[in-house]
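Peer 1: Attaching a single structure in structure tokens format; questions to follow.
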Amino acid sequence: MSGTRAAVFLDRDGTLIEDVGYLDDLSRIALYPWTIDALRGLSRAGLPLVVVTNQSGVARRYFSEAFVQETHRALDARLAEGGVRIDAYYYCPHHPDGKLPDYARECDCRKPRPGLIDRAARELDLDPARSFVVGDKWGDVGLAQAVGARAVLVRTGTGAIAERQPRAGLAAEVVVDNLAAAASWILMRC
Ligand SMILES: [Mg+2]
Ligand SMILES: [Zn+2]
């Protein structure tokens, strides 16, 4: 069962912060210069902000789940300095080719599968069909399509490359330069 509220589901790496590959050290967290302002605008419009992120580095044994959570606390602290708050973080620690037995499997939550948003919708009273997904990969667009949300592809991270390599059956509703432009686009439509 889904809820009632519109929300913005945000990819993490390449969307909120620079994509540094597998982020395995807190010193590598690098917010884009526009991230705080963009999030503030969305938040002021009353839109819950929910991060949805694939972190297969856990299954691959590059870092622990505790480290992923620590990363999100560190990110929260940086955002709080700008007066911005993420409502919730949902991450997928799995990967079929992983090394850790508990995590090396097919799951329902690795984007573009809908598990992360399904859980968020239940726990936070969110309606994906009224919501937006912002990300830099076709997997984010696929996730949006899987849950009936509107897909915004950003050109940061790997987005510019994705834009030049279309995927059959996947189409973002709009492609924009970065999260700031994504926020402006969403604010005109929510
Ligand atoms: Mg990304
Ligand atoms: Zn998963």
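Simple scheme: letters A, B, ... for chains in structure tokens order, numbers from 1 for residues in each chain, numbers from 1 for ligands in the order shown.
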Please, which residues have at least one atom within 6 Å of an atom of ligand 2, using only C-alpha atoms and all ligand atoms, listed as a list in words?
Peer 2: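 With only C-alpha atoms and all ligand atoms and a cut-off of 6 Å, ligand 2 is contacted by Cys92, Pro93, His94, Cys107, Asp108, Cys109 and Arg110 of chain A.
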Peer 1: Only N, CA, C and O atoms, please: the residues just picked out, written as a JSON list (two decimals), in the first residue's frame.
Peer 2:
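Output saved as again33.json:
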```
[["chain", "number", "residue", "atom", "x", "y", "z"],
["A", 92, "CYS", "N", 20.36, 0.10, -0.90],
["A", 92, "CYS", "CA", 20.46, -1.34, -1.21],
["A", 92, "CYS", "C", 21.91, -1.75, -1.06],
["A", 92, "CYS", "O", 22.77, -1.26, -1.79],
["A", 93, "PRO", "N", 22.20, -2.68, -0.13],
["A", 93, "PRO", "CA", 23.58, -3.12, 0.09],
["A", 93, "PRO", "C", 23.93, -4.37, -0.72],
["A", 93, "PRO", "O", 25.03, -4.91, -0.57],
["A", 94, "HIS", "N", 23.01, -4.83, -1.56],
["A", 94, "HIS", "CA", 23.18, -6.14, -2.21],
["A", 94, "HIS", "C", 23.87, -6.04, -3.57],
["A", 94, "HIS", "O", 23.92, -4.98, -4.18],
["A", 107, "CYS", "N", 17.95, -9.11, -5.30],
["A", 107, "CYS", "CA", 17.07, -8.55, -4.28],
["A", 107, "CYS", "C", 15.99, -7.73, -4.98],
["A", 107, "CYS", "O", 16.03, -7.54, -6.19],
["A", 108, "ASP", "N", 15.07, -7.23, -4.20],
["A", 108, "ASP", "CA", 14.01, -6.42, -4.82],
["A", 108, "ASP", "C", 14.29, -4.93, -4.67],
["A", 108, "ASP", "O", 13.47, -4.10, -5.04],
["A", 109, "CYS", "N", 15.46, -4.61, -4.09],
["A", 109, "CYS", "CA", 15.68, -3.20, -3.77],
["A", 109, "CYS", "C", 16.83, -2.55, -4.54],
["A", 109, "CYS", "O", 17.03, -1.34, -4.42],
["A", 110, "ARG", "N", 17.59, -3.32, -5.31],
["A", 110, "ARG", "CA", 18.64, -2.67, -6.11],
["A", 110, "ARG", "C", 17.98, -1.93, -7.27],
["A", 110, "ARG", "O", 17.29, -2.53, -8.09]]
```
Peer 1: Please, which residues in range 49-157 of chain A fall within 7 Å of range 167-187 of chain A when counting only C-alpha atoms, and what is the closest atom pair and distance in Å to one decimal for each, ordered by chain then residue number, as a tab-separated table?
Peer 2:
```
residue	atom	partner	partner_atom	distance
A:Val141	CA	A:Ala172	CA	5.9
A:Gly142	CA	A:Leu170	CA	6.4
A:Arg150	CA	A:Glu173	CA	6.5
A:Ala151	CA	A:Ala172	CA	4.9
A:Val152	CA	A:Val174	CA	5.3
A:Leu153	CA	A:Val175	CA	4.8
A:Val154	CA	A:Asn178	CA	4.9
A:Arg155	CA	A:Asp177	CA	4.9
A:Thr156	CA	A:Asn178	CA	5.7
```
Peer 1: With all heavy atoms retained, export the selected residues as a PDB file, in the first residue's frame.
Peer 2:
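Output (part_34.pdb):
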```
ATOM      1  N   VAL A 141      16.108   6.296 -13.748  1.00  0.00           N
ATOM      2  CA  VAL A 141      14.951   6.491 -14.623  1.00  0.00           C
ATOM      3  C   VAL A 141      14.080   5.234 -14.606  1.00  0.00           C
ATOM      4  O   VAL A 141      12.849   5.312 -14.517  1.00  0.00           O
ATOM      5  CB  VAL A 141      15.417   6.817 -16.066  1.00  0.00           C
ATOM      6  CG1 VAL A 141      14.231   6.857 -17.028  1.00  0.00           C
ATOM      7  CG2 VAL A 141      16.182   8.150 -16.087  1.00  0.00           C
ATOM      8  N   GLY A 142      14.729   4.076 -14.643  1.00  0.00           N
ATOM      9  CA  GLY A 142      13.995   2.813 -14.593  1.00  0.00           C
ATOM     10  C   GLY A 142      13.226   2.660 -13.293  1.00  0.00           C
ATOM     11  O   GLY A 142      12.097   2.165 -13.268  1.00  0.00           O
ATOM     12  N   ARG A 150       7.753  10.492 -11.761  1.00  0.00           N
ATOM     13  CA  ARG A 150       8.285  11.269 -12.879  1.00  0.00           C
ATOM     14  C   ARG A 150       9.809  11.298 -12.774  1.00  0.00           C
ATOM     15  O   ARG A 150      10.360  11.575 -11.709  1.00  0.00           O
ATOM     16  CB  ARG A 150       7.699  12.681 -12.846  1.00  0.00           C
ATOM     17  CG  ARG A 150       6.173  12.634 -12.896  1.00  0.00           C
ATOM     18  CD  ARG A 150       5.553  13.996 -12.693  1.00  0.00           C
ATOM     19  NE  ARG A 150       5.602  14.782 -13.923  1.00  0.00           N
ATOM     20  CZ  ARG A 150       4.963  15.950 -14.076  1.00  0.00           C
ATOM     21  NH1 ARG A 150       4.256  16.458 -13.068  1.00  0.00           N
ATOM     22  NH2 ARG A 150       5.036  16.616 -15.208  1.00  0.00           N
ATOM     23  N   ALA A 151      10.477  11.010 -13.899  1.00  0.00           N
ATOM     24  CA  ALA A 151      11.937  10.841 -13.891  1.00  0.00           C
ATOM     25  C   ALA A 151      12.650  12.092 -14.359  1.00  0.00           C
ATOM     26  O   ALA A 151      12.360  12.625 -15.434  1.00  0.00           O
ATOM     27  CB  ALA A 151      12.324   9.676 -14.791  1.00  0.00           C
ATOM     28  N   VAL A 152      13.593  12.552 -13.546  1.00  0.00           N
ATOM     29  CA  VAL A 152      14.453  13.673 -13.914  1.00  0.00           C
ATOM     30  C   VAL A 152      15.886  13.154 -13.950  1.00  0.00           C
ATOM     31  O   VAL A 152      16.417  12.703 -12.931  1.00  0.00           O
ATOM     32  CB  VAL A 152      14.345  14.830 -12.897  1.00  0.00           C
ATOM     33  CG1 VAL A 152      15.245  15.992 -13.310  1.00  0.00           C
ATOM     34  CG2 VAL A 152      12.893  15.278 -12.749  1.00  0.00           C
ATOM     35  N   LEU A 153      16.507  13.193 -15.121  1.00  0.00           N
ATOM     36  CA  LEU A 153      17.910  12.776 -15.262  1.00  0.00           C
ATOM     37  C   LEU A 153      18.790  14.021 -15.190  1.00  0.00           C
ATOM     38  O   LEU A 153      18.547  14.994 -15.898  1.00  0.00           O
ATOM     39  CB  LEU A 153      18.102  12.063 -16.599  1.00  0.00           C
ATOM     40  CG  LEU A 153      19.501  11.483 -16.891  1.00  0.00           C
ATOM     41  CD1 LEU A 153      19.804  10.286 -15.996  1.00  0.00           C
ATOM     42  CD2 LEU A 153      19.610  11.060 -18.359  1.00  0.00           C
ATOM     43  N   VAL A 154      19.785  13.979 -14.303  1.00  0.00           N
ATOM     44  CA  VAL A 154      20.727  15.105 -14.214  1.00  0.00           C
ATOM     45  C   VAL A 154      22.030  14.738 -14.939  1.00  0.00           C
ATOM     46  O   VAL A 154      22.407  13.564 -14.987  1.00  0.00           O
ATOM     47  CB  VAL A 154      21.041  15.489 -12.743  1.00  0.00           C
ATOM     48  CG1 VAL A 154      19.833  16.141 -12.089  1.00  0.00           C
ATOM     49  CG2 VAL A 154      21.502  14.282 -11.932  1.00  0.00           C
ATOM     50  N   ARG A 155      22.693  15.751 -15.480  1.00  0.00           N
ATOM     51  CA  ARG A 155      23.909  15.500 -16.263  1.00  0.00           C
ATOM     52  C   ARG A 155      25.167  15.405 -15.402  1.00  0.00           C
ATOM     53  O   ARG A 155      26.247  15.132 -15.923  1.00  0.00           O
ATOM     54  CB  ARG A 155      24.093  16.614 -17.311  1.00  0.00           C
ATOM     55  CG  ARG A 155      23.013  16.627 -18.370  1.00  0.00           C
ATOM     56  CD  ARG A 155      23.353  17.561 -19.528  1.00  0.00           C
ATOM     57  NE  ARG A 155      22.312  17.551 -20.539  1.00  0.00           N
ATOM     58  CZ  ARG A 155      21.358  18.497 -20.652  1.00  0.00           C
ATOM     59  NH1 ARG A 155      21.338  19.529 -19.811  1.00  0.00           N
ATOM     60  NH2 ARG A 155      20.437  18.402 -21.588  1.00  0.00           N
ATOM     61  N   THR A 156      25.047  15.644 -14.106  1.00  0.00           N
ATOM     62  CA  THR A 156      26.204  15.466 -13.222  1.00  0.00           C
ATOM     63  C   THR A 156      26.477  13.966 -13.064  1.00  0.00           C
ATOM     64  O   THR A 156      25.690  13.132 -13.524  1.00  0.00           O
ATOM     65  CB  THR A 156      25.927  16.106 -11.848  1.00  0.00           C
ATOM     66  OG1 THR A 156      24.638  15.667 -11.389  1.00  0.00           O
ATOM     67  CG2 THR A 156      25.943  17.618 -11.939  1.00  0.00           C
TER      68      THR A 156
END
```
Peer 1: What does the structure give for the distance between CA of Gly148 in chain A and CA of Gly41 in chain A, in Å to one decimal?
Peer 2: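 Separating CA of Gly148 in chain A from CA of Gly41 in chain A is a distance of 23.5 Å.
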Peer 1: Could you tell me, counting only C-alpha atoms and all ligand atoms, which protein and nucleic acid residues lie no more than 10 Å from ligand 1, written as a list in words?
Peer 2: Leu10, Asp11, Arg12, Asp13, Gly14, Thr15, Leu16, Ile17, Glu18, Asp19, Gly21, Val52, Thr53, Asn54, Val134, Gly135, Asp136, Lys137, Trp138, Gly139, Asp140, Leu153, Val154, Thr156, Gly157, Thr158 and Gly159 of chain A
Peer 1: Generate the output file for the selected residues, N, CA, C and O atoms, as an mmCIF file, in the first residue's frame.
Peer 2:
```cif
data_model
loop_
_atom_site.group_PDB
_atom_site.id
_atom_site.type_symbol
_atom_site.label_atom_id
_atom_site.label_comp_id
_atom_site.auth_asym_id
_atom_site.auth_seq_id
_atom_site.Cartn_x
_atom_site.Cartn_y
_atom_site.Cartn_z
ATOM 1 N N LEU A 10 15.768 11.028 -4.189
ATOM 2 C CA LEU A 10 17.034 11.539 -4.693
ATOM 3 C C LEU A 10 18.091 10.450 -4.701
ATOM 4 O O LEU A 10 18.346 9.801 -3.665
ATOM 5 N N ASP A 11 18.710 10.273 -5.845
ATOM 6 C CA ASP A 11 19.917 9.457 -5.895
ATOM 7 C C ASP A 11 21.008 10.202 -5.115
ATOM 8 O O ASP A 11 20.957 11.415 -4.958
ATOM 9 N N ARG A 12 21.982 9.459 -4.594
ATOM 10 C CA ARG A 12 23.030 10.105 -3.796
ATOM 11 C C ARG A 12 24.260 10.469 -4.642
ATOM 12 O O ARG A 12 24.508 11.633 -4.900
ATOM 13 N N ASP A 13 24.990 9.423 -5.081
ATOM 14 C CA ASP A 13 26.276 9.655 -5.759
ATOM 15 C C ASP A 13 26.058 10.136 -7.198
ATOM 16 O O ASP A 13 25.394 9.471 -7.996
ATOM 17 N N GLY A 14 26.623 11.285 -7.514
ATOM 18 C CA GLY A 14 26.443 11.852 -8.850
ATOM 19 C C GLY A 14 25.234 12.758 -8.948
ATOM 20 O O GLY A 14 24.979 13.347 -10.002
ATOM 21 N N THR A 15 24.478 12.857 -7.856
ATOM 22 C CA THR A 15 23.278 13.704 -7.846
ATOM 23 C C THR A 15 23.361 14.725 -6.706
ATOM 24 O O THR A 15 23.314 15.934 -6.942
ATOM 25 N N LEU A 16 23.500 14.242 -5.463
ATOM 26 C CA LEU A 16 23.666 15.152 -4.313
ATOM 27 C C LEU A 16 25.136 15.472 -4.075
ATOM 28 O O LEU A 16 25.499 16.589 -3.695
ATOM 29 N N ILE A 17 25.948 14.429 -4.231
ATOM 30 C CA ILE A 17 27.393 14.571 -4.010
ATOM 31 C C ILE A 17 28.129 14.010 -5.219
ATOM 32 O O ILE A 17 27.549 13.270 -6.019
ATOM 33 N N GLU A 18 29.384 14.380 -5.337
ATOM 34 C CA GLU A 18 30.163 13.908 -6.470
ATOM 35 C C GLU A 18 30.273 12.388 -6.437
ATOM 36 O O GLU A 18 30.379 11.787 -5.364
ATOM 37 N N ASP A 19 30.225 11.794 -7.621
ATOM 38 C CA ASP A 19 30.398 10.348 -7.725
ATOM 39 C C ASP A 19 31.892 10.063 -7.743
ATOM 40 O O ASP A 19 32.574 10.361 -8.707
ATOM 41 N N GLY A 21 33.209 7.026 -7.318
ATOM 42 C CA GLY A 21 33.351 5.573 -7.371
ATOM 43 C C GLY A 21 32.763 5.022 -6.090
ATOM 44 O O GLY A 21 31.732 5.497 -5.636
ATOM 45 N N VAL A 52 17.553 7.546 -2.121
ATOM 46 C CA VAL A 52 17.501 6.122 -2.500
ATOM 47 C C VAL A 52 18.790 5.807 -3.244
ATOM 48 O O VAL A 52 19.057 6.360 -4.302
ATOM 49 N N THR A 53 19.593 4.903 -2.689
ATOM 50 C CA THR A 53 20.936 4.717 -3.243
ATOM 51 C C THR A 53 21.364 3.255 -3.265
ATOM 52 O O THR A 53 21.129 2.520 -2.303
ATOM 53 N N ASN A 54 21.946 2.841 -4.370
ATOM 54 C CA ASN A 54 22.551 1.508 -4.465
ATOM 55 C C ASN A 54 23.938 1.565 -3.852
ATOM 56 O O ASN A 54 24.768 2.368 -4.288
ATOM 57 N N VAL A 134 15.034 11.817 -8.957
ATOM 58 C CA VAL A 134 16.126 12.565 -9.583
ATOM 59 C C VAL A 134 17.391 11.722 -9.482
ATOM 60 O O VAL A 134 17.782 11.312 -8.380
ATOM 61 N N GLY A 135 18.042 11.485 -10.615
ATOM 62 C CA GLY A 135 19.258 10.690 -10.583
ATOM 63 C C GLY A 135 20.077 10.860 -11.845
ATOM 64 O O GLY A 135 19.639 11.512 -12.803
ATOM 65 N N ASP A 136 21.271 10.257 -11.824
ATOM 66 C CA ASP A 136 22.204 10.446 -12.943
ATOM 67 C C ASP A 136 22.391 9.186 -13.773
ATOM 68 O O ASP A 136 23.254 9.149 -14.642
ATOM 69 N N LYS A 137 21.590 8.146 -13.504
ATOM 70 C CA LYS A 137 21.759 6.897 -14.249
ATOM 71 C C LYS A 137 20.424 6.414 -14.796
ATOM 72 O O LYS A 137 19.361 6.743 -14.266
ATOM 73 N N TRP A 138 20.512 5.576 -15.818
ATOM 74 C CA TRP A 138 19.281 4.989 -16.360
ATOM 75 C C TRP A 138 18.590 4.138 -15.308
ATOM 76 O O TRP A 138 17.379 3.974 -15.337
ATOM 77 N N GLY A 139 19.340 3.609 -14.371
ATOM 78 C CA GLY A 139 18.718 2.852 -13.289
ATOM 79 C C GLY A 139 17.757 3.703 -12.469
ATOM 80 O O GLY A 139 16.750 3.214 -11.958
ATOM 81 N N ASP A 140 18.084 4.987 -12.349
ATOM 82 C CA ASP A 140 17.187 5.900 -11.633
ATOM 83 C C ASP A 140 15.919 6.161 -12.443
ATOM 84 O O ASP A 140 14.818 6.239 -11.896
ATOM 85 N N LEU A 153 16.507 13.193 -15.121
ATOM 86 C CA LEU A 153 17.910 12.776 -15.262
ATOM 87 C C LEU A 153 18.790 14.021 -15.190
ATOM 88 O O LEU A 153 18.547 14.994 -15.898
ATOM 89 N N VAL A 154 19.785 13.979 -14.303
ATOM 90 C CA VAL A 154 20.727 15.105 -14.214
ATOM 91 C C VAL A 154 22.030 14.738 -14.939
ATOM 92 O O VAL A 154 22.407 13.564 -14.987
ATOM 93 N N THR A 156 25.047 15.644 -14.106
ATOM 94 C CA THR A 156 26.204 15.466 -13.222
ATOM 95 C C THR A 156 26.477 13.966 -13.064
ATOM 96 O O THR A 156 25.690 13.132 -13.524
ATOM 97 N N GLY A 157 27.571 13.627 -12.390
ATOM 98 C CA GLY A 157 27.913 12.209 -12.233
ATOM 99 C C GLY A 157 28.112 11.581 -13.603
ATOM 100 O O GLY A 157 28.866 12.090 -14.417
ATOM 101 N N THR A 158 27.385 10.491 -13.835
ATOM 102 C CA THR A 158 27.480 9.837 -15.142
ATOM 103 C C THR A 158 26.321 10.224 -16.054
ATOM 104 O O THR A 158 26.129 9.626 -17.115
ATOM 105 N N GLY A 159 25.555 11.253 -15.652
ATOM 106 C CA GLY A 159 24.356 11.621 -16.400
ATOM 107 C C GLY A 159 24.611 12.078 -17.820
ATOM 108 O O GLY A 159 23.846 11.747 -18.729
#
```
Peer 1: Could you list, as a compact mmCIF listing (two decimals) with N, CA and C atoms, in the first residue's frame, every residue within 9 Å of Arg40 in chain A, counting only C-alpha atoms and ignoring same-chain residues fewer than 2 positions away?
Peer 2:
```
# COMPACT_ATOMS: atom_id res chain seq x y z
N THR A 35 23.86 21.99 -4.08
CA THR A 35 23.00 20.96 -3.47
C THR A 35 22.15 21.53 -2.33
N ILE A 36 22.75 22.29 -1.44
CA ILE A 36 22.00 22.78 -0.28
C ILE A 36 20.86 23.70 -0.70
N ASP A 37 21.13 24.63 -1.59
CA ASP A 37 20.08 25.55 -2.04
C ASP A 37 18.95 24.79 -2.75
N ALA A 38 19.33 23.84 -3.56
CA ALA A 38 18.31 23.07 -4.30
C ALA A 38 17.42 22.30 -3.34
N LEU A 42 13.17 22.68 -2.44
CA LEU A 42 12.21 21.57 -2.48
C LEU A 42 11.54 21.38 -1.13
N SER A 43 12.35 21.51 -0.09
CA SER A 43 11.85 21.32 1.26
C SER A 43 10.83 22.40 1.63
N ARG A 44 11.11 23.62 1.24
CA ARG A 44 10.18 24.73 1.53
C ARG A 44 8.85 24.53 0.84
N ALA A 45 8.86 23.80 -0.28
CA ALA A 45 7.61 23.52 -0.98
C ALA A 45 6.84 22.39 -0.30
N GLY A 82 23.62 24.02 6.37
CA GLY A 82 22.88 24.85 5.43
C GLY A 82 21.40 24.89 5.74
N GLY A 83 21.01 24.32 6.88
CA GLY A 83 19.61 24.37 7.29
C GLY A 83 18.71 23.41 6.53
N VAL A 84 19.29 22.35 6.01
CA VAL A 84 18.51 21.41 5.20
C VAL A 84 18.51 20.03 5.86
N ARG A 85 17.40 19.32 5.74
CA ARG A 85 17.29 18.00 6.34
C ARG A 85 16.73 16.99 5.34
```
Peer 1: Using only C-alpha atoms, which of the listed residues (A:Lys99, A:Arg105, A:Arg61, A:Arg113) sits closest to Ala146 in chain A?
Peer 2: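 Residue with the minimum atom-to-atom distance to Ala146 in chain A: A:Arg113.
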Peer 1: Let me make sure I understand: among A:Leu26, A:Ala104, A:Ala129, A:Leu116, which one has the smallest atom-to-atom distance to Ala59 in chain A if we use only C-alpha atoms?
Peer 2: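 Of A:Leu26, A:Ala104, A:Ala129, A:Leu116, the one nearest Ala59 in chain A is A:Ala104, counting only C-alpha atoms.
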Peer 1: Any chance you could list, as number ranges by chain, the residues in range 36-134 of chain A that come up helix (DSSP H, G or I) when DSSP is run on the backbone?
Peer 2: A: 36-44, 65-81, 115-124, 128-130
Peer 1: I need the chosen residues saved as a PDB file, in the first residue's frame, with C-alpha atoms.
Peer 2:
```pdb
ATOM      1  CA  ILE A  36      21.998  22.775  -0.278  1.00  0.00           C
ATOM      2  CA  ASP A  37      20.078  25.547  -2.042  1.00  0.00           C
ATOM      3  CA  ALA A  38      18.314  23.071  -4.302  1.00  0.00           C
ATOM      4  CA  LEU A  39      17.229  20.887  -1.384  1.00  0.00           C
ATOM      5  CA  ARG A  40      16.100  23.904   0.598  1.00  0.00           C
ATOM      6  CA  GLY A  41      13.823  24.984  -2.241  1.00  0.00           C
ATOM      7  CA  LEU A  42      12.208  21.570  -2.484  1.00  0.00           C
ATOM      8  CA  SER A  43      11.854  21.318   1.259  1.00  0.00           C
ATOM      9  CA  ARG A  44      10.181  24.725   1.528  1.00  0.00           C
ATOM     10  CA  GLU A  65      26.635  -1.175   6.200  1.00  0.00           C
ATOM     11  CA  ALA A  66      27.634   0.716   9.333  1.00  0.00           C
ATOM     12  CA  PHE A  67      29.907   2.825   7.157  1.00  0.00           C
ATOM     13  CA  VAL A  68      27.054   3.621   4.767  1.00  0.00           C
ATOM     14  CA  GLN A  69      25.020   4.829   7.741  1.00  0.00           C
ATOM     15  CA  GLU A  70      27.978   6.800   9.028  1.00  0.00           C
ATOM     16  CA  THR A  71      28.295   8.428   5.605  1.00  0.00           C
ATOM     17  CA  HIS A  72      24.672   9.486   5.790  1.00  0.00           C
ATOM     18  CA  ARG A  73      25.150  10.973   9.253  1.00  0.00           C
ATOM     19  CA  ALA A  74      28.149  12.920   7.952  1.00  0.00           C
ATOM     20  CA  LEU A  75      26.127  14.106   4.980  1.00  0.00           C
ATOM     21  CA  ASP A  76      23.308  15.118   7.343  1.00  0.00           C
ATOM     22  CA  ALA A  77      25.748  17.182   9.392  1.00  0.00           C
ATOM     23  CA  ARG A  78      26.940  19.020   6.275  1.00  0.00           C
ATOM     24  CA  LEU A  79      23.383  19.671   5.123  1.00  0.00           C
ATOM     25  CA  ALA A  80      22.343  20.828   8.591  1.00  0.00           C
ATOM     26  CA  GLU A  81      24.947  23.592   8.360  1.00  0.00           C
ATOM     27  CA  GLY A 115      11.965  -2.061  -3.301  1.00  0.00           C
ATOM     28  CA  LEU A 116      13.507   1.060  -1.787  1.00  0.00           C
ATOM     29  CA  ILE A 117      10.670   3.322  -2.886  1.00  0.00           C
ATOM     30  CA  ASP A 118       8.048   0.722  -1.981  1.00  0.00           C
ATOM     31  CA  ARG A 119       9.416   0.679   1.564  1.00  0.00           C
ATOM     32  CA  ALA A 120       9.653   4.457   1.786  1.00  0.00           C
ATOM     33  CA  ALA A 121       6.104   4.827   0.511  1.00  0.00           C
ATOM     34  CA  ARG A 122       4.786   2.500   3.211  1.00  0.00           C
ATOM     35  CA  GLU A 123       6.848   3.903   6.060  1.00  0.00           C
ATOM     36  CA  LEU A 124       6.514   7.604   5.233  1.00  0.00           C
ATOM     37  CA  PRO A 128       5.124   7.445  -5.798  1.00  0.00           C
ATOM     38  CA  ALA A 129       2.680   8.333  -8.562  1.00  0.00           C
ATOM     39  CA  ARG A 130       2.688  11.949  -7.377  1.00  0.00           C
TER      40      ARG A 130
END
```
Peer 1: For Ser131 in chain A, find every residue with an atom within 10 Å (counting only C-alpha atoms), except residues of its own chain fewer than 2 positions away, and show them as a PDB file with N, CA and C atoms, in the first residue's frame.
Peer 2:
```pdb
ATOM      1  N   ARG A   5       1.359  11.286   0.142  1.00  0.00           N
ATOM      2  CA  ARG A   5       2.127  12.521  -0.081  1.00  0.00           C
ATOM      3  C   ARG A   5       3.069  12.428  -1.273  1.00  0.00           C
ATOM      4  N   ALA A   6       3.196  13.542  -2.003  1.00  0.00           N
ATOM      5  CA  ALA A   6       4.214  13.655  -3.048  1.00  0.00           C
ATOM      6  C   ALA A   6       5.567  13.831  -2.383  1.00  0.00           C
ATOM      7  N   ALA A   7       6.613  13.300  -3.008  1.00  0.00           N
ATOM      8  CA  ALA A   7       7.956  13.391  -2.449  1.00  0.00           C
ATOM      9  C   ALA A   7       8.968  13.504  -3.578  1.00  0.00           C
ATOM     10  N   VAL A   8      10.210  13.807  -3.188  1.00  0.00           N
ATOM     11  CA  VAL A   8      11.307  13.754  -4.152  1.00  0.00           C
ATOM     12  C   VAL A   8      12.269  12.660  -3.694  1.00  0.00           C
ATOM     13  N   PHE A   9      12.444  11.664  -4.545  1.00  0.00           N
ATOM     14  CA  PHE A   9      13.406  10.589  -4.295  1.00  0.00           C
ATOM     15  C   PHE A   9      14.707  10.961  -4.992  1.00  0.00           C
ATOM     16  N   LEU A  47       7.917  19.272   0.168  1.00  0.00           N
ATOM     17  CA  LEU A  47       8.187  17.947  -0.390  1.00  0.00           C
ATOM     18  C   LEU A  47       9.169  17.186   0.504  1.00  0.00           C
ATOM     19  N   PRO A  48       8.763  16.020   1.010  1.00  0.00           N
ATOM     20  CA  PRO A  48       9.726  15.182   1.724  1.00  0.00           C
ATOM     21  C   PRO A  48      10.888  14.813   0.798  1.00  0.00           C
ATOM     22  N   LEU A 126       3.979   7.988   1.490  1.00  0.00           N
ATOM     23  CA  LEU A 126       4.285   8.678   0.236  1.00  0.00           C
ATOM     24  C   LEU A 126       3.568   8.016  -0.935  1.00  0.00           C
ATOM     25  N   ASP A 127       3.194   8.818  -1.904  1.00  0.00           N
ATOM     26  CA  ASP A 127       2.541   8.323  -3.111  1.00  0.00           C
ATOM     27  C   ASP A 127       3.516   8.464  -4.287  1.00  0.00           C
ATOM     28  N   PRO A 128       4.150   7.361  -4.698  1.00  0.00           N
ATOM     29  CA  PRO A 128       5.124   7.445  -5.798  1.00  0.00           C
ATOM     30  C   PRO A 128       4.542   8.068  -7.061  1.00  0.00           C
ATOM     31  N   ALA A 129       3.282   7.834  -7.322  1.00  0.00           N
ATOM     32  CA  ALA A 129       2.680   8.333  -8.562  1.00  0.00           C
ATOM     33  C   ALA A 129       2.601   9.858  -8.589  1.00  0.00           C
ATOM     34  N   VAL A 133      11.639  11.263  -9.177  1.00  0.00           N
ATOM     35  CA  VAL A 133      12.924  10.614  -8.925  1.00  0.00           C
ATOM     36  C   VAL A 133      13.981  11.416  -9.669  1.00  0.00           C
ATOM     37  N   ALA A 144      12.047   5.135 -11.496  1.00  0.00           N
ATOM     38  CA  ALA A 144      10.883   6.025 -11.608  1.00  0.00           C
ATOM     39  C   ALA A 144       9.771   5.333 -12.394  1.00  0.00           C
ATOM     40  N   VAL A 147       7.860   2.595 -10.495  1.00  0.00           N
ATOM     41  CA  VAL A 147       6.913   2.985  -9.435  1.00  0.00           C
ATOM     42  C   VAL A 147       5.908   4.032  -9.909  1.00  0.00           C
ATOM     43  N   GLY A 148       6.001   4.409 -11.192  1.00  0.00           N
ATOM     44  CA  GLY A 148       5.050   5.381 -11.732  1.00  0.00           C
ATOM     45  C   GLY A 148       5.333   6.815 -11.336  1.00  0.00           C
ATOM     46  N   ALA A 149       6.612   7.108 -10.979  1.00  0.00           N
ATOM     47  CA  ALA A 149       6.997   8.481 -10.642  1.00  0.00           C
ATOM     48  C   ALA A 149       7.540   9.191 -11.882  1.00  0.00           C
ATOM     49  N   ARG A 150       7.753  10.492 -11.761  1.00  0.00           N
ATOM     50  CA  ARG A 150       8.285  11.269 -12.879  1.00  0.00           C
ATOM     51  C   ARG A 150       9.809  11.298 -12.774  1.00  0.00           C
ATOM     52  N   ALA A 151      10.477  11.010 -13.899  1.00  0.00           N
ATOM     53  CA  ALA A 151      11.937  10.841 -13.891  1.00  0.00           C
ATOM     54  C   ALA A 151      12.650  12.092 -14.359  1.00  0.00           C
ATOM     55  N   ILE A 186      10.990  20.725 -10.915  1.00  0.00           N
ATOM     56  CA  ILE A 186       9.998  20.080 -10.041  1.00  0.00           C
ATOM     57  C   ILE A 186       9.083  21.127  -9.400  1.00  0.00           C
ATOM     58  N   CYS A 190       4.865  20.746  -9.048  1.00  0.00           N
ATOM     59  CA  CYS A 190       4.328  20.021  -7.889  1.00  0.00           C
ATOM     60  C   CYS A 190       3.182  20.812  -7.241  1.00  0.00           C
TER      61      CYS A 190
END
```
